[in-house]
file coords_6.cif (mmCIF, C-alpha atoms (C1' of nucleotides))
data_data
#
loop_
_atom_site.label_atom_id
_atom_site.label_comp_id
_atom_site.auth_asym_id
_atom_site.auth_seq_id
_atom_site.Cartn_x
_atom_site.Cartn_y
_atom_site.Cartn_z
CA MET A 1 -5.47 5.93 7.56
CA LEU A 2 -5.38 9.53 6.42
CA ASP A 3 -7.98 10.14 9.11
CA LEU A 4 -5.50 9.10 11.74
CA ALA A 5 -2.78 11.33 10.33
CA VAL A 6 -5.06 14.33 9.98
CA LEU A 7 -6.59 14.04 13.44
CA GLY A 8 -3.16 13.55 14.96
CA LEU A 9 -1.78 16.64 13.28
CA LEU A 10 -4.84 18.71 14.18
CA LYS A 11 -4.53 17.67 17.82
CA GLU A 12 -1.20 19.48 17.82
CA GLY A 13 -2.81 22.63 16.47
CA ASP A 14 -5.27 24.06 13.95
CA LEU A 15 -4.19 23.83 10.33
CA HIS A 16 -5.52 24.33 6.81
CA GLY A 17 -5.36 21.72 4.06
CA TYR A 18 -2.31 22.93 2.24
CA GLU A 19 -0.26 23.08 5.41
CA LEU A 20 -1.55 19.68 6.51
CA ASN A 21 -0.33 18.21 3.26
CA LYS A 22 3.18 19.53 3.80
CA ARG A 23 3.34 18.05 7.30
CA LEU A 24 1.97 14.79 5.99
CA LYS A 25 4.75 14.59 3.44
CA SER A 26 7.50 14.93 6.00
CA LEU A 27 5.69 12.62 8.38
CA VAL A 28 5.00 9.79 6.01
CA GLY A 29 8.11 10.40 3.96
CA GLY A 30 8.14 8.87 0.53
CA TYR A 31 4.42 8.85 -0.04
CA ALA A 32 2.61 11.16 -2.35
CA ASN A 33 -0.15 12.42 -0.08
CA SER A 34 -1.64 14.49 -2.80
CA TYR A 35 -4.63 16.73 -2.43
CA GLY A 36 -6.85 14.25 -4.21
CA ALA A 37 -6.99 12.23 -1.02
CA LEU A 38 -6.63 14.97 1.55
CA TYR A 39 -9.43 17.38 0.71
CA PRO A 40 -12.11 14.71 0.41
CA ALA A 41 -10.86 13.27 3.70
CA LEU A 42 -11.24 16.63 5.41
CA ALA A 43 -14.77 16.99 4.07
CA ARG A 44 -15.63 13.53 5.37
CA LEU A 45 -14.13 14.21 8.79
CA GLU A 46 -16.19 17.35 9.02
CA ARG A 47 -19.42 15.59 8.02
CA ARG A 48 -18.82 13.09 10.81
CA GLY A 49 -18.23 15.82 13.35
CA TRP A 50 -14.61 14.95 14.08
CA VAL A 51 -13.31 18.29 12.90
CA SER A 52 -14.78 21.73 12.29
CA SER A 53 -13.58 24.45 9.98
CA THR A 54 -13.34 28.22 9.84
CA ALA A 55 -12.79 30.30 6.74
CA VAL A 56 -9.85 32.61 7.25
CA ALA A 57 -9.20 35.56 4.94
CA PRO A 58 -5.61 35.85 3.70
CA ASP A 59 -5.18 39.38 5.01
CA ILE A 60 -4.57 38.97 8.70
CA ALA A 61 -4.16 41.85 11.13
CA VAL A 62 -4.17 44.28 8.23
CA ASP A 63 -6.41 47.36 8.56
CA GLU A 64 -10.09 48.22 8.49
CA GLN A 65 -13.15 47.04 6.56
CA VAL A 66 -12.73 48.44 3.09
CA THR A 67 -15.50 50.93 2.36
CA ASP A 68 -17.15 50.24 -0.96
CA GLU A 69 -16.05 53.44 -2.63
CA SER A 70 -12.35 52.79 -2.02
CA PRO A 71 -10.51 52.72 -5.38
CA ARG A 72 -8.52 49.73 -6.65
CA ARG A 73 -5.25 51.16 -5.41
CA ASN A 74 -6.54 51.14 -1.88
CA ARG A 75 -7.81 47.60 -2.24
CA ARG A 76 -4.40 46.49 -3.40
CA ARG A 77 -2.85 48.01 -0.32
CA THR A 78 -5.17 46.13 2.01
CA THR A 79 -4.39 42.74 0.44
CA ARG A 80 -0.82 42.43 1.59
CA SER A 81 1.12 40.42 4.17
CA LYS A 82 -0.25 36.93 3.47
CA PRO A 83 -0.54 34.92 0.23
CA GLY A 84 -3.51 34.49 -1.99
CA ARG A 85 -6.68 32.79 -1.25
CA THR A 86 -9.08 32.32 1.65
CA ARG A 87 -8.00 29.33 3.67
CA LYS A 88 -10.13 26.84 5.53
CA VAL A 89 -8.58 26.25 8.91
CA TYR A 90 -9.60 23.01 10.59
CA GLN A 91 -9.69 22.22 14.28
CA ILE A 92 -10.29 18.88 15.97
CA THR A 93 -13.49 18.45 18.01
CA GLU A 94 -14.01 16.54 21.24
CA ALA A 95 -15.58 13.67 19.33
CA GLY A 96 -12.55 13.83 17.05
CA GLU A 97 -10.20 13.40 19.98
CA ASP A 98 -12.11 10.35 21.15
CA HIS A 99 -11.98 8.91 17.66
CA LEU A 100 -8.25 9.59 17.46
CA LEU A 101 -7.70 7.54 20.62
CA GLU A 102 -9.58 4.65 19.02
CA LEU A 103 -7.60 4.84 15.80
CA LEU A 104 -4.36 4.86 17.77
CA GLN A 105 -5.17 1.46 19.24
CA GLU A 106 -6.51 -0.36 16.20
CA ASP A 107 -4.83 -3.41 14.75
CA ALA A 108 -1.05 -3.65 14.44
CA ASN A 109 -0.74 -5.73 11.30
CA ASN A 110 -0.42 -2.77 9.01
CA GLU A 111 3.03 -1.26 8.51
CA ARG A 112 1.80 2.12 7.36
CA ARG A 113 -0.82 2.41 10.04
CA PHE A 114 1.61 1.51 12.79
CA ARG A 115 3.93 4.21 11.52
CA LEU A 116 1.22 6.79 12.06
CA GLN A 117 0.20 5.29 15.39
CA LEU A 118 3.75 5.61 16.60
CA ALA A 119 3.98 9.18 15.37
CA PHE A 120 1.03 10.12 17.59
CA CYS A 121 1.20 7.54 20.36
CA ARG A 122 2.18 10.26 22.83
CA PHE A 123 -1.53 11.07 23.00
CA LEU A 124 -2.26 7.62 24.43
CA PRO A 125 -2.17 6.83 28.14
CA PRO A 126 1.05 4.90 28.97
CA ASP A 127 -0.63 1.54 29.42
CA ARG A 128 -2.44 1.76 26.09
CA ARG A 129 0.78 2.79 24.43
CA LEU A 130 2.64 -0.17 25.80
CA ALA A 131 -0.22 -2.41 24.70
CA LEU A 132 0.11 -1.03 21.18
CA PHE A 133 3.82 -1.80 21.09
CA GLU A 134 3.26 -5.32 22.37
CA LEU A 135 0.57 -5.90 19.78
CA ARG A 136 2.92 -4.84 17.03
CA ARG A 137 5.63 -7.00 18.49
CA ALA A 138 3.37 -10.04 18.45
CA HIS A 139 2.62 -9.37 14.81
CA LEU A 140 6.29 -9.13 13.87
CA VAL A 141 7.04 -12.33 15.74
CA SER A 142 4.28 -14.14 13.88
CA LEU A 143 5.68 -12.93 10.55
CA GLN A 144 9.07 -14.14 11.65
CA ALA A 145 7.66 -17.55 12.52
CA MET A 146 5.80 -17.78 9.22
CA ALA A 147 8.97 -17.05 7.28
CA ARG A 148 10.85 -19.71 9.22
CA ARG A 149 8.12 -22.30 8.73
CA ASP A 150 8.46 -22.25 4.97
CA PRO A 151 11.80 -20.87 3.82
CA VAL A 152 12.71 -19.90 0.25
CA HIS A 153 12.16 -22.68 -2.21
CA SER A 154 13.79 -20.88 -5.10
CA ASN A 155 17.38 -21.25 -6.21
CA ASP A 156 17.34 -17.94 -8.00
CA PRO A 157 20.03 -15.69 -6.47
CA TYR A 158 17.84 -12.58 -6.74
CA VAL A 159 14.96 -14.19 -4.91
CA ARG A 160 17.33 -15.52 -2.28
CA SER A 161 18.88 -12.12 -1.79
CA LEU A 162 15.43 -10.59 -1.46
CA PHE A 163 14.34 -13.03 1.18
CA GLN A 164 17.52 -12.57 3.12
CA ARG A 165 17.02 -8.82 3.15
CA ASP A 166 13.49 -9.39 4.40
CA GLN A 167 14.84 -11.54 7.18
CA GLU A 168 17.39 -8.95 8.22
CA ARG A 169 14.81 -6.23 8.13
CA ARG A 170 12.46 -8.18 10.35
CA GLU A 171 15.23 -8.79 12.85
CA HIS A 172 16.29 -5.17 12.85
CA ASP A 173 12.70 -4.06 13.29
CA LEU A 174 12.13 -6.41 16.18
CA ALA A 175 15.28 -5.25 17.95
CA TRP A 176 14.21 -1.66 17.48
CA LEU A 177 10.73 -2.35 18.85
CA ASP A 178 12.23 -4.15 21.82
CA ARG A 179 14.33 -1.10 22.64
CA LEU A 180 11.19 1.01 22.41
CA ILE A 181 9.36 -1.31 24.77
CA ALA A 182 12.26 -1.44 27.22
CA ASP A 183 12.42 2.36 27.33
CA GLU A 184 8.71 2.50 27.84
CA ARG A 185 8.87 0.19 30.85
CA ALA A 186 11.87 1.99 32.29
CA ASN A 187 10.08 5.32 32.24
CA ARG A 188 7.18 4.11 34.28
CA PRO A 189 8.19 2.01 37.24
CA GLN A 190 4.79 2.92 38.72
CA ALA A 191 1.61 0.84 38.66
CA PRO A 192 2.80 -1.55 41.36
CA THR A 193 1.00 -4.85 40.88
CA ASP A 194 -0.87 -4.94 44.19
CA ARG A 195 0.71 -7.14 46.81
CA MET B 1 1.09 -5.07 -9.80
CA LEU B 2 -0.69 -8.38 -9.47
CA ASP B 3 -0.28 -8.61 -13.25
CA LEU B 4 3.46 -8.62 -12.84
CA ALA B 5 3.34 -11.29 -10.15
CA VAL B 6 0.95 -13.52 -12.07
CA LEU B 7 2.81 -13.27 -15.38
CA GLY B 8 6.10 -13.91 -13.62
CA LEU B 9 4.78 -17.02 -11.92
CA LEU B 10 3.16 -18.29 -15.09
CA LYS B 11 6.41 -17.86 -16.99
CA GLU B 12 7.86 -20.46 -14.64
CA GLY B 13 5.06 -22.86 -15.44
CA ASP B 14 1.32 -23.25 -15.95
CA LEU B 15 -0.81 -22.86 -12.83
CA HIS B 16 -4.40 -22.52 -11.73
CA GLY B 17 -5.74 -19.71 -9.57
CA TYR B 18 -5.71 -21.45 -6.23
CA GLU B 19 -2.12 -22.56 -6.64
CA LEU B 20 -1.11 -19.10 -7.88
CA ASN B 21 -2.52 -17.60 -4.73
CA LYS B 22 -0.42 -19.86 -2.54
CA ARG B 23 2.77 -18.95 -4.39
CA LEU B 24 1.83 -15.30 -4.22
CA LYS B 25 1.55 -15.52 -0.47
CA SER B 26 5.02 -16.91 0.01
CA LEU B 27 6.41 -14.52 -2.58
CA VAL B 28 4.95 -11.33 -1.27
CA GLY B 29 5.02 -12.46 2.33
CA GLY B 30 2.81 -10.53 4.67
CA TYR B 31 0.21 -9.50 2.14
CA ALA B 32 -3.23 -10.90 1.93
CA ASN B 33 -3.45 -11.66 -1.78
CA SER B 34 -6.95 -12.91 -1.48
CA TYR B 35 -9.00 -14.29 -4.31
CA GLY B 36 -10.99 -11.11 -4.57
CA ALA B 37 -8.08 -9.55 -6.41
CA LEU B 38 -6.61 -12.61 -8.09
CA TYR B 39 -9.52 -14.04 -10.05
CA PRO B 40 -10.60 -10.73 -11.57
CA ALA B 41 -6.95 -10.11 -12.47
CA LEU B 42 -6.75 -13.46 -14.26
CA ALA B 43 -9.93 -12.68 -16.19
CA ARG B 44 -8.50 -9.32 -17.21
CA LEU B 45 -5.18 -10.81 -18.28
CA GLU B 46 -7.04 -13.31 -20.43
CA ARG B 47 -9.22 -10.62 -22.05
CA ARG B 48 -6.06 -8.75 -23.02
CA GLY B 49 -4.49 -11.85 -24.48
CA TRP B 50 -1.58 -12.09 -22.06
CA VAL B 51 -2.64 -15.47 -20.73
CA SER B 52 -4.86 -18.30 -21.94
CA SER B 53 -6.69 -20.91 -19.93
CA THR B 54 -7.60 -24.57 -20.15
CA ALA B 55 -10.22 -26.33 -18.08
CA VAL B 56 -8.71 -29.40 -16.42
CA ALA B 57 -10.82 -32.15 -14.85
CA PRO B 58 -9.80 -33.13 -11.33
CA ASP B 59 -9.36 -36.84 -12.09
CA ILE B 60 -6.06 -37.12 -13.90
CA ALA B 61 -4.46 -40.30 -15.15
CA VAL B 62 -6.88 -42.45 -13.19
CA ASP B 63 -8.41 -45.43 -14.99
CA GLU B 64 -11.23 -46.06 -17.39
CA GLN B 65 -14.62 -44.48 -18.03
CA VAL B 66 -16.80 -45.73 -15.24
CA THR B 67 -19.57 -47.91 -16.61
CA ASP B 68 -22.93 -46.84 -15.29
CA GLU B 69 -23.66 -50.03 -13.38
CA SER B 70 -20.53 -49.76 -11.25
CA PRO B 71 -21.49 -49.65 -7.55
CA ARG B 72 -20.56 -46.76 -5.26
CA ARG B 73 -17.52 -48.60 -3.96
CA ASN B 74 -16.07 -48.64 -7.45
CA ARG B 75 -16.88 -44.99 -8.03
CA ARG B 76 -15.03 -44.06 -4.89
CA ARG B 77 -12.00 -45.91 -6.16
CA THR B 78 -12.04 -44.10 -9.48
CA THR B 79 -12.33 -40.63 -8.03
CA ARG B 80 -9.06 -40.69 -6.20
CA SER B 81 -5.71 -38.97 -6.59
CA LYS B 82 -6.85 -35.38 -7.09
CA PRO B 83 -9.29 -33.13 -5.18
CA GLY B 84 -12.66 -31.79 -6.15
CA ARG B 85 -13.49 -29.34 -8.76
CA THR B 86 -12.52 -28.59 -12.34
CA ARG B 87 -9.57 -26.24 -12.36
CA LYS B 88 -8.73 -23.53 -14.84
CA VAL B 89 -5.07 -23.81 -15.65
CA TYR B 90 -3.51 -20.65 -17.06
CA GLN B 91 -0.52 -20.35 -19.33
CA ILE B 92 1.32 -17.24 -20.43
CA THR B 93 1.13 -16.24 -24.12
CA GLU B 94 3.85 -14.69 -26.27
CA ALA B 95 2.22 -11.29 -25.93
CA GLY B 96 2.17 -11.96 -22.20
CA GLU B 97 5.90 -12.55 -22.14
CA ASP B 98 6.50 -9.27 -23.95
CA HIS B 99 4.28 -7.49 -21.49
CA LEU B 100 6.11 -9.09 -18.58
CA LEU B 101 9.40 -7.69 -19.87
CA GLU B 102 7.86 -4.23 -19.95
CA LEU B 103 6.47 -4.52 -16.43
CA LEU B 104 9.86 -5.65 -15.18
CA GLN B 105 11.44 -2.38 -16.27
CA GLU B 106 8.79 0.13 -15.15
CA ASP B 107 9.50 2.79 -12.58
CA ALA B 108 11.52 2.03 -9.44
CA ASN B 109 9.84 4.32 -6.97
CA ASN B 110 7.46 1.71 -5.66
CA GLU B 111 8.69 -0.58 -2.90
CA ARG B 112 6.18 -3.31 -3.57
CA ARG B 113 6.63 -3.25 -7.29
CA PHE B 114 10.40 -3.39 -7.04
CA ARG B 115 10.05 -6.42 -4.81
CA LEU B 116 8.22 -8.23 -7.56
CA GLN B 117 10.57 -6.97 -10.24
CA LEU B 118 13.48 -8.39 -8.31
CA ALA B 119 11.72 -11.68 -7.84
CA PHE B 120 11.46 -12.08 -11.61
CA CYS B 121 14.38 -10.03 -12.88
CA ARG B 122 16.13 -13.20 -14.02
CA PHE B 123 13.88 -13.00 -17.09
CA LEU B 124 15.48 -9.71 -18.08
CA PRO B 125 18.59 -9.48 -20.23
CA PRO B 126 21.61 -8.59 -18.05
CA ASP B 127 21.88 -4.97 -19.18
CA ARG B 128 18.20 -4.30 -18.52
CA ARG B 129 18.52 -5.92 -15.14
CA LEU B 130 21.44 -3.74 -14.18
CA ALA B 131 19.53 -0.70 -15.40
CA LEU B 132 16.66 -1.67 -13.11
CA PHE B 133 18.95 -1.90 -10.11
CA GLU B 134 20.54 1.44 -10.90
CA LEU B 135 17.15 3.06 -11.27
CA ARG B 136 16.12 1.77 -7.87
CA ARG B 137 19.40 2.93 -6.44
CA ALA B 138 18.86 6.44 -7.75
CA HIS B 139 15.45 6.46 -6.12
CA LEU B 140 16.81 5.37 -2.75
CA VAL B 141 19.53 8.00 -2.94
CA SER B 142 16.98 10.70 -3.65
CA LEU B 143 14.91 9.59 -0.65
CA GLN B 144 18.06 9.70 1.42
CA ALA B 145 18.81 13.23 0.23
CA MET B 146 15.26 14.37 0.90
CA ALA B 147 15.44 13.09 4.46
CA ARG B 148 18.72 14.87 5.03
CA ARG B 149 17.43 18.14 3.58
CA ASP B 150 14.75 18.50 6.21
CA PRO B 151 15.45 16.45 9.32
CA VAL B 152 12.96 15.72 12.10
CA HIS B 153 11.47 18.84 13.62
CA SER B 154 9.72 17.06 16.44
CA ASN B 155 11.05 16.62 19.94
CA ASP B 156 8.77 13.68 20.58
CA PRO B 157 10.91 10.62 21.42
CA TYR B 158 8.61 8.27 19.49
CA VAL B 159 8.78 10.33 16.34
CA ARG B 160 12.53 10.63 16.69
CA SER B 161 12.90 6.90 17.13
CA LEU B 162 10.75 6.32 14.08
CA PHE B 163 12.81 8.61 11.89
CA GLN B 164 16.00 7.06 13.06
CA ARG B 165 14.74 3.61 12.19
CA ASP B 166 13.81 4.94 8.75
CA GLN B 167 17.30 6.28 8.33
CA GLU B 168 18.89 2.98 9.30
CA ARG B 169 16.57 1.10 7.03
CA ARG B 170 17.45 3.29 4.07
CA GLU B 171 21.15 2.82 4.71
CA HIS B 172 20.79 -0.93 5.05
CA ASP B 173 18.76 -1.08 1.88
CA LEU B 174 21.26 0.93 -0.07
CA ALA B 175 24.13 -1.24 1.09
CA TRP B 176 22.18 -4.32 0.10
CA LEU B 177 21.42 -2.91 -3.34
CA ASP B 178 25.05 -1.98 -3.83
CA ARG B 179 26.08 -5.54 -3.12
CA LEU B 180 23.52 -6.70 -5.66
CA ILE B 181 24.88 -4.29 -8.26
CA ALA B 182 28.48 -5.26 -7.56
CA ASP B 183 27.66 -8.96 -7.98
CA GLU B 184 25.86 -8.17 -11.19
CA ARG B 185 28.86 -6.37 -12.64
CA ALA B 186 31.26 -9.07 -11.48
CA ASN B 187 29.28 -11.75 -13.28
CA ARG B 188 29.50 -10.04 -16.65
CA PRO B 189 32.89 -8.65 -17.50
CA GLN B 190 31.81 -8.86 -21.17
CA ALA B 191 30.41 -6.09 -23.37
CA PRO B 192 33.74 -4.32 -23.91
CA THR B 193 33.07 -0.67 -24.64
CA ASP B 194 34.40 -0.51 -28.19
CA ARG B 195 37.80 1.03 -28.55
"C1'" DG C 1 7.53 37.80 -17.78
"C1'" DG C 2 8.06 33.10 -16.28
"C1'" DT C 3 8.65 29.89 -12.49
"C1'" DT C 4 7.63 28.67 -7.94
"C1'" DA C 5 4.75 28.56 -3.88
"C1'" DC C 6 0.19 29.22 -2.02
"C1'" DA C 7 -4.57 27.37 -1.88
"C1'" DT C 8 -8.83 24.37 -2.75
"C1'" DG C 9 -11.06 21.26 -4.97
"C1'" DT C 10 -13.08 17.24 -8.55
"C1'" DA C 11 -12.97 13.02 -11.58
"C1'" DA C 12 -11.15 9.04 -13.14
"C1'" DC C 13 -8.26 5.55 -12.13
"C1'" DT C 14 -5.22 1.98 -9.65
"C1'" DA C 15 -4.67 -1.45 -6.29
"C1'" DG C 16 -6.03 -4.31 -2.89
"C1'" DT C 17 -9.19 -6.18 1.18
"C1'" DT C 18 -13.22 -8.25 3.37
"C1'" DA C 19 -17.08 -10.66 3.23
"C1'" DC C 20 -20.05 -13.52 0.93
"C1'" DA C 21 -21.73 -17.61 -2.00
"C1'" DT C 22 -21.04 -22.28 -3.44
"C1'" DG C 23 -19.65 -26.82 -3.56
"C1'" DA C 24 -16.58 -31.05 -3.63
"C1'" DT C 25 -13.26 -34.02 -1.24
"C1'" DT C 26 -10.30 -35.57 2.44
"C1'" DA C 27 -8.54 -36.48 7.03
"C1'" DG C 28 -9.48 -37.12 11.83
"C1'" DC D 1 -19.78 -36.03 11.11
"C1'" DT D 2 -17.15 -32.11 11.12
"C1'" DA D 3 -13.31 -29.45 10.23
"C1'" DA D 4 -9.84 -28.42 6.85
"C1'" DT D 5 -8.33 -28.02 2.20
"C1'" DC D 6 -9.31 -27.55 -2.56
"C1'" DA D 7 -11.41 -24.51 -6.02
"C1'" DT D 8 -13.75 -20.44 -8.38
"C1'" DG D 9 -15.95 -16.53 -8.28
"C1'" DT D 10 -18.76 -11.72 -7.06
"C1'" DA D 11 -19.90 -7.31 -4.52
"C1'" DA D 12 -18.97 -3.81 -1.63
"C1'" DC D 13 -15.57 -1.38 0.42
"C1'" DT D 14 -10.96 0.89 1.69
"C1'" DA D 15 -7.11 3.58 0.45
"C1'" DG D 16 -4.52 6.23 -2.32
"C1'" DT D 17 -2.68 8.34 -7.07
"C1'" DT D 18 -2.78 11.08 -11.26
"C1'" DA D 19 -4.52 14.45 -13.84
"C1'" DC D 20 -7.27 18.27 -14.30
"C1'" DA D 21 -9.32 23.01 -13.23
"C1'" DT D 22 -8.64 27.53 -11.25
"C1'" DG D 23 -6.64 31.53 -9.44
"C1'" DT D 24 -3.30 34.68 -6.49
"C1'" DA D 25 1.05 36.45 -5.23
"C1'" DA D 26 6.01 36.47 -4.43
"C1'" DC D 27 10.61 35.91 -6.36
"C1'" DC D 28 14.17 36.51 -9.74
#

call {"tool": "encode", "arguments": {"input": "coords_6.cif", "output": "structure tokens"}}
result
Amino acid sequence: MLDLAVLGLLKEGDLHGYELNKRLKSLVGGYANSYGALYPALARLERRGWVSSTAVAPDIAVDEQVTDESPRRNRRRTTRSKPGRTRKVYQITEAGEDHLLELLQEDANNERRFRLQLAFCRFLPPDRRLALFELRRAHLVSLQAMARRDPVHSNDPYVRSLFQRDQERREHDLAWLDRLIADERANRPQAPTDR
Amino acid sequence: MLDLAVLGLLKEGDLHGYELNKRLKSLVGGYANSYGALYPALARLERRGWVSSTAVAPDIAVDEQVTDESPRRNRRRTTRSKPGRTRKVYQITEAGEDHLLELLQEDANNERRFRLQLAFCRFLPPDRRLALFELRRAHLVSLQAMARRDPVHSNDPYVRSLFQRDQERREHDLAWLDRLIADERANRPQAPTDR
DNA sequence: GGTTACATGTAACTAGTTACATGATTAG
DNA sequence: CTAATCATGTAACTAGTTACATGTAACC
């Protein structure tokens, strides 16, 4: 799932790990997204040829190659302008873009995954995007039906309250998705079914 | 987290694994809760002394020891009433109940865990229960604040829609929790702060 | 001179899913 | 006789978290 997030973010522009993590936080909102998952994921993506990396020195656009005899004071002057350490900047490859398109269309039964798919669904062709929404909708409807088939057995007020919140959330979610789908259809009155 | 769910269910009454799994499904609603997690969890809980198990033969309360010469027709009659295989029925121990109380008060920053805590919070003393709700409330408020501090940067309509749904969901959740807290306070006007 | 932000990584752990293996019994 | 339900379990995998290790540089 991190793969999806990382490839999506890299499609928007090249980034290094630390920066990726910050964007991930605001994107996923409420998750930890710590480096313990991110850096290994980047290494894996690179091994599979979905991204490539370039080492970038922290001193950008600042002066000449330092000749070896330059004293420490000089060295200190050269290392200005940008923070500390050499960064590894990642860019998405062509194979990576293909893979991203696949990931964007997978499943629909996973809340977290759908969140990411939605965040990057602009990279999908309109028909695939609509298909994704419909798939998610079908899933929500089936959850809805399941909940109706066997309602709460418990008399405990806390359990009842919980299940009612669930119900309301499902309804709200479905209404929201329906608006999304309606907008999607409205913005593409093309593709006339041949007649 | 499964530990919490299993101990909570066993506190309501003794159960075997298969039955536990069914209750788990309706409780957690939308999760898989397959046996691959459940059975190892039960084994672990037993090793730690939080539950104990009893093997129960499938034929309960049904007639005499079958004498060897009884024909197949008879045998079929005897093996009625309950399905196939020997079940392992688990019951919660005293140590298990203590542990359950601890699990019910942990954290509050985990959506899934809080769901389970709420489902079994009736086992908590009223003041601990209220504390749990307040802890969760504080967490939701901090999420709310975080979201307000840095709003959506993106212009993408899908991302915007997503973040707005998040916002609405947080507000709905908070309102729901506040109702829960209000009810809780209303139902215990006792504990007069000494004066 | 200490805290925060920048920057990359590893190791151990938590939590759950998917697929497999096995076998009995029941309902159609 | 065959599909579904009951029943217990293992192995391999997916996905993410927490804690650790290390070091620079900017801010106050």

call {"tool": "residues_near_point", "arguments": {"input": "coords_6.cif", "point": "(14.3, -9.7, -5.7)", "cutoff": "8 Å", "atoms": "all atoms listed in the file", "output": "list in words"}}
result
Tyr158, Val159, Arg160, Ser161, Leu162 and Phe163 of chain A; Phe114, Arg115, Leu116, Gln117, Leu118, Ala119, Phe120 and Cys121 of chain B

call {"tool": "resolve_selection", "arguments": {"input": "coords_6.cif", "expression": "the PyMOL selection byres ((chain D) within 8 of (chain B))", "output": "PyMOL selection string"}}
result
chain D and resi 6-9

call {"tool": "residues_near_point", "arguments": {"input": "coords_6.cif", "point": "(5.9, 14.4, 23.8)", "cutoff": "7 Å", "atoms": "all atoms listed in the file", "output": "PyMOL selection string"}}
result
(chain A and resi 122) or (chain B and resi 155-157)

call {"tool": "resolve_selection", "arguments": {"input": "coords_6.cif", "expression": "the PyMOL selection byres ((chain C and resi 10) around 9)", "output": "PyMOL selection string"}}
result
(chain A and resi 36) or (chain C and resi 9+11) or (chain D and resi 20-21)

call {"tool": "residues_around", "arguments": {"input": "coords_6.cif", "residues": "stretch 168-184 of chain B", "least_positions_apart": "3", "cutoff": "8 Å", "atoms": "all atoms listed in the file", "output": "NGL selection string"}}
result
(:A and (165 or 169)) or (:B and (130 or 133-134 or 137 or 140-141 or 144 or 164-165 or 187-188))

call {"tool": "axis_aligned_box", "arguments": {"input": "coords_6.cif", "around": "stretch 16-23 of chain C", "padding_each_side": "5 Å", "output": "JSON"}}
result
{"center_x": -13.9, "center_y": -15.6, "center_z": -0.1, "size_x": 25.7, "size_y": 32.5, "size_z": 16.9}

call {"tool": "atom_distance", "arguments": {"input": "coords_6.cif", "atom1": "atom CA of B:Ser154", "atom2": "atom CA of A:Leu42"}}
result
23.7 Å

call {"tool": "atom_distance", "arguments": {"input": "coords_6.cif", "atom1": "atom CA of B:Lys11", "atom2": "atom CA of B:Thr54"}}
result
15.9 Å

call {"tool": "resolve_selection", "arguments": {"input": "coords_6.cif", "expression": "the PyMOL selection byres ((chain C) within 8 of (chain A))", "output": "PDB file with C-alpha atoms (C1' of nucleotides), keeping the file's coordinate frame"}}
result
ATOM      1  C1'  DC C   6       0.190  29.220  -2.020  1.00  0.00           C
ATOM      2  C1'  DA C   7      -4.570  27.370  -1.880  1.00  0.00           C
ATOM      3  C1'  DT C   8      -8.830  24.370  -2.750  1.00  0.00           C
ATOM      4  C1'  DG C   9     -11.060  21.260  -4.970  1.00  0.00           C
TER       5       DG C   9
END

call {"tool": "closest_residue", "arguments": {"input": "coords_6.cif", "among": "B:Leu38, B:Leu45, B:Leu124, B:Leu135", "to": "chain A", "atoms": "all atoms listed in the file"}}
result
B:Leu124

call {"tool": "closest_residue", "arguments": {"input": "coords_6.cif", "among": "B:Asp3, B:Glu94, B:Glu12, B:Glu46", "to": "chain A", "atoms": "all atoms listed in the file"}}
result
B:Glu12

call {"tool": "closest_residue", "arguments": {"input": "coords_6.cif", "among": "B:Arg185, B:His139, B:Arg128, B:Arg44", "to": "chain A", "atoms": "only C-alpha atoms"}}
result
B:His139

call {"tool": "atom_distance", "arguments": {"input": "coords_6.cif", "atom1": "atom C1' of D:DT18", "atom2": "atom CA of A:Ala37"}}
result
11.1 Å

call {"tool": "closest_residue", "arguments": {"input": "coords_6.cif", "among": "B:Gly13, B:Gly29, B:Gly96, B:Gly8", "to": "chain A", "atoms": "only C-alpha atoms"}}
result
B:Gly29
